[in-house]
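Q: mmCIF, C-alpha atoms and all ligand atoms, file structure.cif:
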```cif
data_upload
#
loop_
_atom_site.label_atom_id
_atom_site.label_comp_id
_atom_site.auth_asym_id
_atom_site.auth_seq_id
_atom_site.Cartn_x
_atom_site.Cartn_y
_atom_site.Cartn_z
CA MET R 266 -37.75 34.30 8.27
CA LYS R 267 -34.88 35.49 10.46
CA ARG R 268 -31.51 34.21 9.30
CA LYS R 269 -29.41 32.53 12.00
CA TYR R 270 -26.34 34.65 12.78
CA THR R 271 -23.10 32.79 13.36
CA LEU R 272 -20.08 34.55 14.78
CA THR R 273 -16.92 33.52 12.93
CA ALA R 274 -13.33 34.69 12.52
CA LYS R 275 -14.44 36.51 9.36
CA ASN R 276 -17.25 38.63 10.79
CA ALA R 277 -16.08 39.13 14.40
CA ASP R 278 -14.80 42.46 15.76
CA ILE R 279 -11.82 41.75 18.03
CA TYR R 280 -12.52 44.84 20.16
CA ASP R 281 -16.07 43.64 20.84
CA LEU R 282 -14.74 40.21 21.76
CA TYR R 283 -12.08 41.78 24.00
CA GLU R 284 -14.67 43.88 25.82
CA LYS R 285 -16.95 40.88 26.34
CA SER R 286 -14.08 38.72 27.57
CA VAL R 287 -12.09 40.90 29.92
CA GLN R 288 -13.95 44.10 30.72
CA SER R 289 -16.71 44.87 33.16
CA VAL R 290 -17.17 48.61 32.87
CA GLU R 291 -20.23 48.98 35.13
CA PHE R 292 -18.20 47.30 37.86
CA GLU R 293 -15.21 49.57 37.21
CA VAL R 294 -17.31 52.75 37.35
CA GLU R 295 -18.93 51.61 40.59
CA PHE R 296 -15.51 50.72 42.05
CA ILE R 297 -14.16 54.24 41.32
CA ASN R 298 -17.18 55.86 43.01
CA LYS R 299 -16.87 53.51 46.00
CA MET R 300 -13.18 54.37 46.45
CA PHE R 301 -13.97 58.09 46.52
CA LYS R 302 -16.69 57.55 49.12
CA LYS R 303 -14.65 55.19 51.25
CA ASN R 304 -11.66 57.54 51.34
CA ASN R 305 -13.80 60.68 51.91
CA ARG R 306 -12.54 62.24 48.70
CA GLY R 307 -15.84 63.76 47.63
CA ASN R 308 -17.51 63.18 44.29
CA CYS R 309 -15.36 61.89 41.44
CA LEU R 310 -16.26 64.03 38.45
CA ASP R 311 -13.49 63.47 35.95
CA ILE R 312 -11.29 60.54 35.10
CA ARG R 313 -8.27 59.94 32.91
CA GLU R 314 -8.22 56.44 31.40
CA ASP R 315 -4.65 55.63 30.42
CA PHE R 316 -3.99 52.93 27.77
CA CYS R 317 -7.67 53.34 26.92
CA SER R 318 -7.89 51.19 23.76
CA SER R 319 -11.62 51.26 22.88
CA ALA R 320 -12.21 53.73 25.78
CA PHE R 321 -15.00 51.56 27.08
CA ILE R 322 -14.71 52.73 30.71
CA SER R 323 -14.60 56.41 29.67
CA THR R 324 -17.67 55.91 27.47
CA GLU R 325 -19.53 54.41 30.41
CA TRP R 326 -18.26 57.18 32.71
CA VAL R 327 -19.71 60.08 30.69
CA LYS R 328 -23.17 58.48 30.76
CA THR R 329 -23.53 60.20 34.15
CA LYS R 330 -24.48 63.87 33.86
CA ASN R 331 -21.62 66.41 34.05
CA LYS R 332 -18.89 63.77 34.29
CA LYS R 333 -15.88 64.04 31.99
CA ALA R 334 -13.38 61.48 30.76
CA TYR R 335 -9.97 61.92 29.13
CA ALA R 336 -8.98 58.71 27.37
CA ILE R 337 -5.34 58.34 26.35
CA ASP R 338 -3.85 55.87 23.89
CA ILE R 339 -0.61 55.90 21.95
CA ASP R 340 -2.22 54.37 18.86
CA LYS R 341 -4.29 56.75 16.72
CA ASN R 342 -5.99 53.91 14.84
CA VAL R 343 -7.24 52.47 18.11
CA LEU R 344 -8.66 55.90 19.00
CA LYS R 345 -10.50 56.02 15.66
CA ILE R 346 -12.13 52.70 16.59
CA ALA R 347 -12.91 54.09 20.07
CA LEU R 348 -14.65 57.10 18.52
CA THR R 349 -16.75 54.96 16.16
CA LYS R 350 -17.82 52.76 19.08
CA ALA R 351 -18.55 55.72 21.37
CA LYS R 352 -20.78 57.34 18.71
CA LYS R 353 -22.91 54.20 18.72
CA ARG R 354 -23.07 53.98 22.50
CA ILE R 355 -23.65 57.51 23.77
CA SER R 356 -25.46 60.74 22.87
CA THR R 357 -23.80 63.77 21.26
CA GLU R 358 -24.02 65.64 24.57
CA GLN R 359 -22.23 62.75 26.32
CA LEU R 360 -19.70 62.53 23.50
CA ASN R 361 -18.82 66.20 24.12
CA ARG R 362 -17.61 65.21 27.59
CA LEU R 363 -15.39 62.40 26.27
CA PHE R 364 -11.92 63.48 25.13
CA LEU R 365 -9.98 60.93 23.09
CA ILE R 366 -6.33 61.95 23.18
CA GLN R 367 -3.40 60.45 21.34
CA GLY R 368 -0.30 60.35 23.49
CA ASP R 369 2.15 58.34 25.54
CA SER R 370 0.70 57.74 29.01
CA LEU R 371 4.27 57.88 30.30
CA ASN R 372 4.51 61.64 29.89
CA LYS R 373 1.26 63.01 28.43
CA LYS R 374 -0.11 65.89 30.49
CA ASN R 375 -3.75 66.87 30.58
CA LYS R 376 -6.21 68.86 32.68
CA LYS R 377 -5.96 67.61 36.26
CA VAL R 378 -8.56 64.99 37.12
CA ASN R 379 -10.01 63.33 40.23
CA CYS R 380 -9.02 59.83 39.16
CA VAL R 381 -6.38 58.26 36.93
CA LEU R 382 -7.00 54.68 35.81
CA ALA R 383 -4.64 52.07 34.39
CA THR R 384 -6.58 48.85 33.95
CA ASN R 385 -5.92 45.42 32.58
CA PHE R 386 -2.25 45.61 33.55
CA SER R 387 -1.41 47.93 30.64
CA TYR R 388 1.23 49.86 32.61
CA TRP R 389 3.32 46.67 32.61
CA VAL R 390 4.66 47.87 29.24
CA PHE R 391 7.06 49.87 31.44
CA LYS R 392 9.71 47.27 32.18
CA GLU R 393 12.33 49.25 34.12
CA ARG R 394 11.83 50.55 37.64
CA HIS R 395 12.78 54.11 36.66
CA THR R 396 10.24 54.11 33.76
CA LEU R 397 7.52 52.68 35.99
CA LYS R 398 8.22 55.44 38.53
CA LYS R 399 8.21 58.07 35.78
CA TYR R 400 4.73 56.89 34.75
CA PHE R 401 3.52 56.89 38.37
CA LEU R 402 4.88 60.43 38.84
CA ASN R 403 3.09 61.60 35.70
CA SER R 404 -0.14 60.11 37.08
CA LEU R 405 0.40 61.88 40.41
CA LYS R 406 0.92 65.20 38.59
CA ASN R 407 -2.24 64.70 36.50
CA LEU R 408 -4.33 64.30 39.65
CA LYS R 409 -6.14 67.04 41.56
CA LYS R 410 -5.27 67.55 45.25
CA ASN R 411 -7.61 64.85 46.52
CA GLY R 412 -7.08 62.50 43.58
CA ILE R 413 -6.92 58.72 43.47
CA PHE R 414 -4.89 56.53 41.13
CA ILE R 415 -6.40 53.08 40.46
CA LEU R 416 -4.42 50.26 38.87
CA ASP R 417 -4.73 46.52 38.72
CA ALA R 418 -2.31 43.60 38.89
CA PHE R 419 -2.31 39.84 38.64
CA GLY R 420 -0.06 37.29 40.26
CA GLY R 421 0.24 33.94 41.97
CA TYR R 422 2.52 31.10 40.90
CA GLU R 423 0.57 30.49 37.67
CA ALA R 424 1.52 34.01 36.55
CA HIS R 425 5.12 32.74 36.25
CA GLN R 426 4.17 29.85 34.00
CA GLU R 427 3.83 29.44 30.25
CA LEU R 428 0.22 28.32 29.91
CA GLU R 429 -3.03 28.68 27.99
CA GLU R 430 -6.34 29.30 29.67
CA LYS R 431 -9.64 29.00 27.78
CA THR R 432 -12.93 30.67 28.75
CA LYS R 433 -16.04 29.62 26.87
CA HIS R 434 -18.57 32.30 25.95
CA LYS R 435 -21.84 31.71 24.11
CA HIS R 436 -20.55 32.43 20.59
CA PHE R 437 -16.79 32.18 21.01
CA THR R 438 -13.94 31.02 23.24
CA TYR R 439 -11.46 33.47 24.75
CA VAL R 440 -7.91 32.13 24.97
CA TRP R 441 -5.35 33.76 27.28
CA ASP R 442 -1.90 32.58 26.20
CA GLN R 443 1.05 33.25 28.52
CA ASN R 444 3.40 32.32 25.74
CA LYS R 445 6.84 33.21 27.11
CA PHE R 446 8.07 33.97 30.59
CA ASN R 447 11.66 34.76 31.55
CA PRO R 448 12.24 34.34 35.31
CA ILE R 449 15.51 36.29 35.11
CA ASN R 450 13.78 39.61 34.46
CA ASN R 451 10.06 38.66 34.70
CA HIS R 452 9.50 39.73 31.09
CA MET R 453 6.54 37.97 29.50
CA THR R 454 4.86 37.80 26.10
CA CYS R 455 1.15 37.07 26.14
CA TYR R 456 -1.48 36.77 23.42
CA ILE R 457 -5.24 36.76 23.23
CA HIS R 458 -6.70 34.35 20.66
CA PHE R 459 -10.36 33.81 19.84
CA GLU R 460 -11.96 30.56 18.68
CA PHE R 461 -15.42 30.22 17.16
CA ASN R 462 -18.08 27.55 17.20
CA ASN R 463 -17.63 26.88 13.42
CA GLY R 464 -13.96 25.96 14.03
CA SER R 465 -12.48 29.24 12.75
CA LYS R 466 -9.90 31.09 14.86
CA ILE R 467 -8.33 34.51 15.23
CA LYS R 468 -4.83 33.80 16.44
CA LYS R 469 -2.83 36.56 18.18
CA ALA R 470 -5.66 39.12 18.09
CA PHE R 471 -3.75 41.02 20.79
CA ARG R 472 -0.14 40.82 21.91
CA TYR R 473 1.34 42.07 25.18
CA ASP R 474 5.02 42.46 26.02
CA TRP R 475 5.10 43.09 29.72
CA ARG R 476 7.09 42.81 32.87
CA LEU R 477 5.29 40.94 35.63
CA TRP R 478 5.48 43.41 38.53
CA SER R 479 4.81 42.28 42.10
CA LEU R 480 2.52 44.09 44.55
CA PRO R 481 5.39 45.13 46.88
CA GLU R 482 7.37 46.56 43.94
CA ILE R 483 4.34 48.52 42.69
CA THR R 484 3.53 49.76 46.21
CA GLU R 485 7.12 50.87 46.84
CA CYS R 486 7.36 52.74 43.53
CA LEU R 487 4.02 54.52 44.15
CA LYS R 488 5.16 55.64 47.61
CA GLU R 489 8.60 56.67 46.36
CA VAL R 490 7.08 59.10 43.83
CA GLY R 491 4.88 60.67 46.53
CA PHE R 492 1.55 58.85 46.89
CA LYS R 493 0.52 59.17 50.56
CA GLN R 494 -1.27 55.87 50.96
CA VAL R 495 -1.46 52.68 48.91
CA ASP R 496 -4.14 50.06 49.56
CA ILE R 497 -4.49 46.63 48.00
CA TYR R 498 -7.93 45.21 47.21
CA MET R 499 -8.18 41.47 46.61
CA GLN R 500 -11.11 39.53 45.20
CA GLY R 501 -13.39 37.81 47.69
CA TRP R 502 -14.52 34.18 47.54
CA ASP R 503 -18.12 33.08 46.95
CA LYS R 504 -18.47 29.99 49.14
CA LYS R 505 -21.81 28.99 47.59
CA LYS R 506 -20.56 29.07 43.99
CA ASN R 507 -17.06 27.95 44.99
CA GLU R 508 -15.46 30.65 42.83
CA GLU R 509 -14.14 34.22 43.10
CA SER R 510 -16.86 36.72 43.99
CA ASP R 511 -17.31 40.07 42.28
CA LYS R 512 -16.37 41.94 45.47
CA PHE R 513 -12.92 43.28 46.30
CA TYR R 514 -11.70 43.86 49.87
CA SER R 515 -8.89 45.97 51.27
CA VAL R 516 -6.44 43.50 52.85
CA LYS R 517 -2.99 43.44 54.43
CA LYS R 518 -2.57 39.66 54.13
CA CYS R 519 -4.03 37.04 51.82
CA ASP R 520 -3.71 33.43 50.67
CA ALA R 521 -0.91 32.47 48.28
CA ASP R 522 -3.37 31.47 45.56
CA ALA R 523 -2.31 29.97 42.23
CA GLY R 524 -3.72 32.98 40.41
CA TRP R 525 -5.21 36.21 41.68
CA ILE R 526 -6.27 39.65 40.43
CA GLY R 527 -6.14 42.72 42.65
CA TYR R 528 -6.63 46.48 42.56
CA ILE R 529 -4.09 48.97 43.81
CA VAL R 530 -5.62 52.19 45.10
CA ALA R 531 -3.09 55.01 45.58
CA LEU R 532 -4.12 58.23 47.33
CA LYS R 533 -2.48 61.59 46.50
C1 LIG R 601 -4.30 46.09 27.29
S1 LIG R 601 -4.88 47.28 26.10
C2 LIG R 601 -5.90 48.34 26.97
C3 LIG R 601 -6.71 47.79 28.00
C4 LIG R 601 -7.82 48.61 28.51
N1 LIG R 601 -7.34 49.78 29.25
C5 LIG R 601 -8.64 47.72 29.40
O1 LIG R 601 -8.90 48.07 30.56
O2 LIG R 601 -9.02 46.63 28.99
C6 LIG R 601 -3.46 48.20 25.85
C7 LIG R 601 -3.59 49.55 25.10
O3 LIG R 601 -2.50 50.36 25.56
C8 LIG R 601 -2.03 51.13 24.46
N2 LIG R 601 -0.65 51.56 24.83
C9 LIG R 601 0.48 50.82 24.84
N3 LIG R 601 1.51 51.56 25.28
C10 LIG R 601 1.03 52.79 25.55
C11 LIG R 601 1.59 53.99 26.07
N4 LIG R 601 2.89 54.07 26.39
N5 LIG R 601 0.78 55.06 26.25
C12 LIG R 601 -0.53 55.00 25.93
N6 LIG R 601 -1.12 53.90 25.44
C13 LIG R 601 -0.36 52.80 25.26
C14 LIG R 601 -2.13 50.23 23.26
O4 LIG R 601 -2.19 50.99 22.06
C15 LIG R 601 -3.43 49.46 23.58
O5 LIG R 601 -4.53 50.08 22.96
#
```
Translate the structure of the given file into C-alpha cells.
A:
Amino acid sequence: MKRKYTLTAKNADIYDLYEKSVQSVEFEVEFINKMFKKNNRGNCLDIREDFCSSAFISTEWVKTKNKKAYAIDIDKNVLKIALTKAKKRISTEQLNRLFLIQGDSLNKKNKKVNCVLATNFSYWVFKERHTLKKYFLNSLKNLKKNGIFILDAFGGYEAHQELEEKTKHKHFTYVWDQNKFNPINNHMTCYIHFEFNNGSKIKKAFRYDWRLWSLPEITECLKEVGFKQVDIYMQGWDKKKNEESDKFYSVKKCDADAGWIGYIVALK
C-alpha cells in the first residue's frame, strides 16, 4: 500500500516551495525570446541570471540546444543547492552549458551575453542611486552589442504598506510579509513564511532588505548609464476570470492599481 505523503515544516525544502510559489520559468524563458523577436535583436543564445539563487531560469534555459547560461549568486551555499537541483533536472550535456558562478552581481564580469536578467526584484538590495547605477552599468558592460537587460518591479499603494498576503497551494500556504516599511527612504524588510496543512510553519524562510524603487527612478538610472531604450511591460487583465492575465504589454500609461508587477526591458 502506498503511504500518504504529507508535506510539513520538517520535510519541506524551502527552495522547492519558493520556486512553486513565485517562479514561472517557462514563462520567463518565453518572455526573453519574445523580447528578442519583438526588438529585432536576433536569437538570444546566452543569458546571465544575476541573483540566481537556485538558478531555476538558467536550468530551464540550457534545455534548449546550444544555449548557455551564466548564473551568478553571492552565496556559495546557495550555488551548491543550485548545482544539486540542476543535476536532477538536466542532462550532463545541458549541465556543461550552465555556469554557476560565485560573485557580487554589482561588479562581477563574465563573458558577454545576449541577455542579463534580474528577476524577483533582487537588485533592490542596492539602496543608493549610485550603487543602483553601478549595477546597471555592470549589466550594460556584460551585454553584447545587441543585448537586452530584463528586470522586474512591483508597486502600487499596497507596496508602501506593512501587510501580510497569503496564497494557498495544494500542500502549503505561501505567506508574503511586508514587515517593515520606512516612507522616509523607502527601505523595506520583507519575509517569506510557509505554513503547512498539519499546522506546522517555517517562519522567515527568506528575508529581503530592499529599497522600493519606482519605475521612473529605474528608467532614469538605466538611461543615465547608457541604455538606449527602456520599455515597461505591465500585466494584462483577464476579464473572464476577473484577475491578472499571464500576458504583459508594453505601455506608456496604466491604472494606479493597489498592487502591480511589471517588467522593465532595457535595450543596449
Ligand atoms: C530573491 S533571491 C533570488 C531570486 C531569483 N533570481 C528569482 O527570480 O526568484 C535573492 C538571491 O540574491 C542573492 N544575492 C543577494 N545579493 C547579491 C549580490 N550583491 N550579488 C549576487 N547575488 C546576490 C542571494 O544570495 C539570494 O540567493
Q: Please report the interatomic distance between atom CA of Leu416 of chain R and atom CA of Ala523 of chain R in Å with one decimal.
A: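 Atom-to-atom, atom CA of Leu416 of chain R and atom CA of Ala523 of chain R are spaced 20.7 Å apart.
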Q: Specify the axis-aligned box that encloses all atoms of ligand LIG 601 (chain R) listed in the file after padding of 8 Å on each side, stating its centre and edge lengths in Å to one decimal as JSON.
A:
```
{"center_x": -3.1, "center_y": 50.6, "center_z": 26.3, "size_x": 27.9, "size_y": 25.0, "size_z": 24.5}
```
Q: Using all atoms listed in the file, find all polymer residues with an atom at most 12 Å away from the point (-12.6, 38.3, 48.4); report them as a list in words.
A: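 Those residues lying close to the given coordinates are Ile497, Tyr498, Met499, Gln500, Gly501, Trp502, Asp503, Lys504, Asn507, Glu508, Glu509, Ser510, Asp511, Lys512, Phe513, Tyr514, Ser515, Val516, Lys518, Cys519, Asp520, Asp522, Trp525, Ile526, Gly527 and Tyr528 of chain R.
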Q: Show which residues sit within 10 Å of Ile483 of chain R, as a list in words. Count all atoms listed in the file, and ignore same-chain residues fewer than 4 positions away.
A: Arg394, Leu397, Lys398, Phe401, Leu416, Ala418, Trp478, Ser479, Leu487, Lys488, Glu489, Val495 and Ile529 of chain R
Q: Write out as a list in words each polymer residue (protein, DNA or RNA) that has an atom no more than 6 Å from ligand LIG 601 (chain R), with only C-alpha atoms and all ligand atoms counted.
A: Gln288, Phe316, Cys317, Ser318, Ile337, Asp338, Ile339, Asp340, Gly368, Asp369, Ser370, Leu371, Thr384, Asn385 and Ser387 of chain R
Q: Quick one: residues within 12 Å of Ile297 of chain R, all atoms listed in the file counted, chain neighbours fewer than 2 positions away excluded, as an MDAnalysis selection string?
A: chainID R and resid 290:295 299:304 306:314 322:323 326 379:384 412:416 528:531
Q: I'd like to know which of R:Phe446, R:Phe459, R:Leu405, R:Leu532 is closest to Lys431 of chain R, using all atoms listed in the file.
A: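 Closest to Lys431 of chain R, using all atoms listed in the file: R:Phe459.
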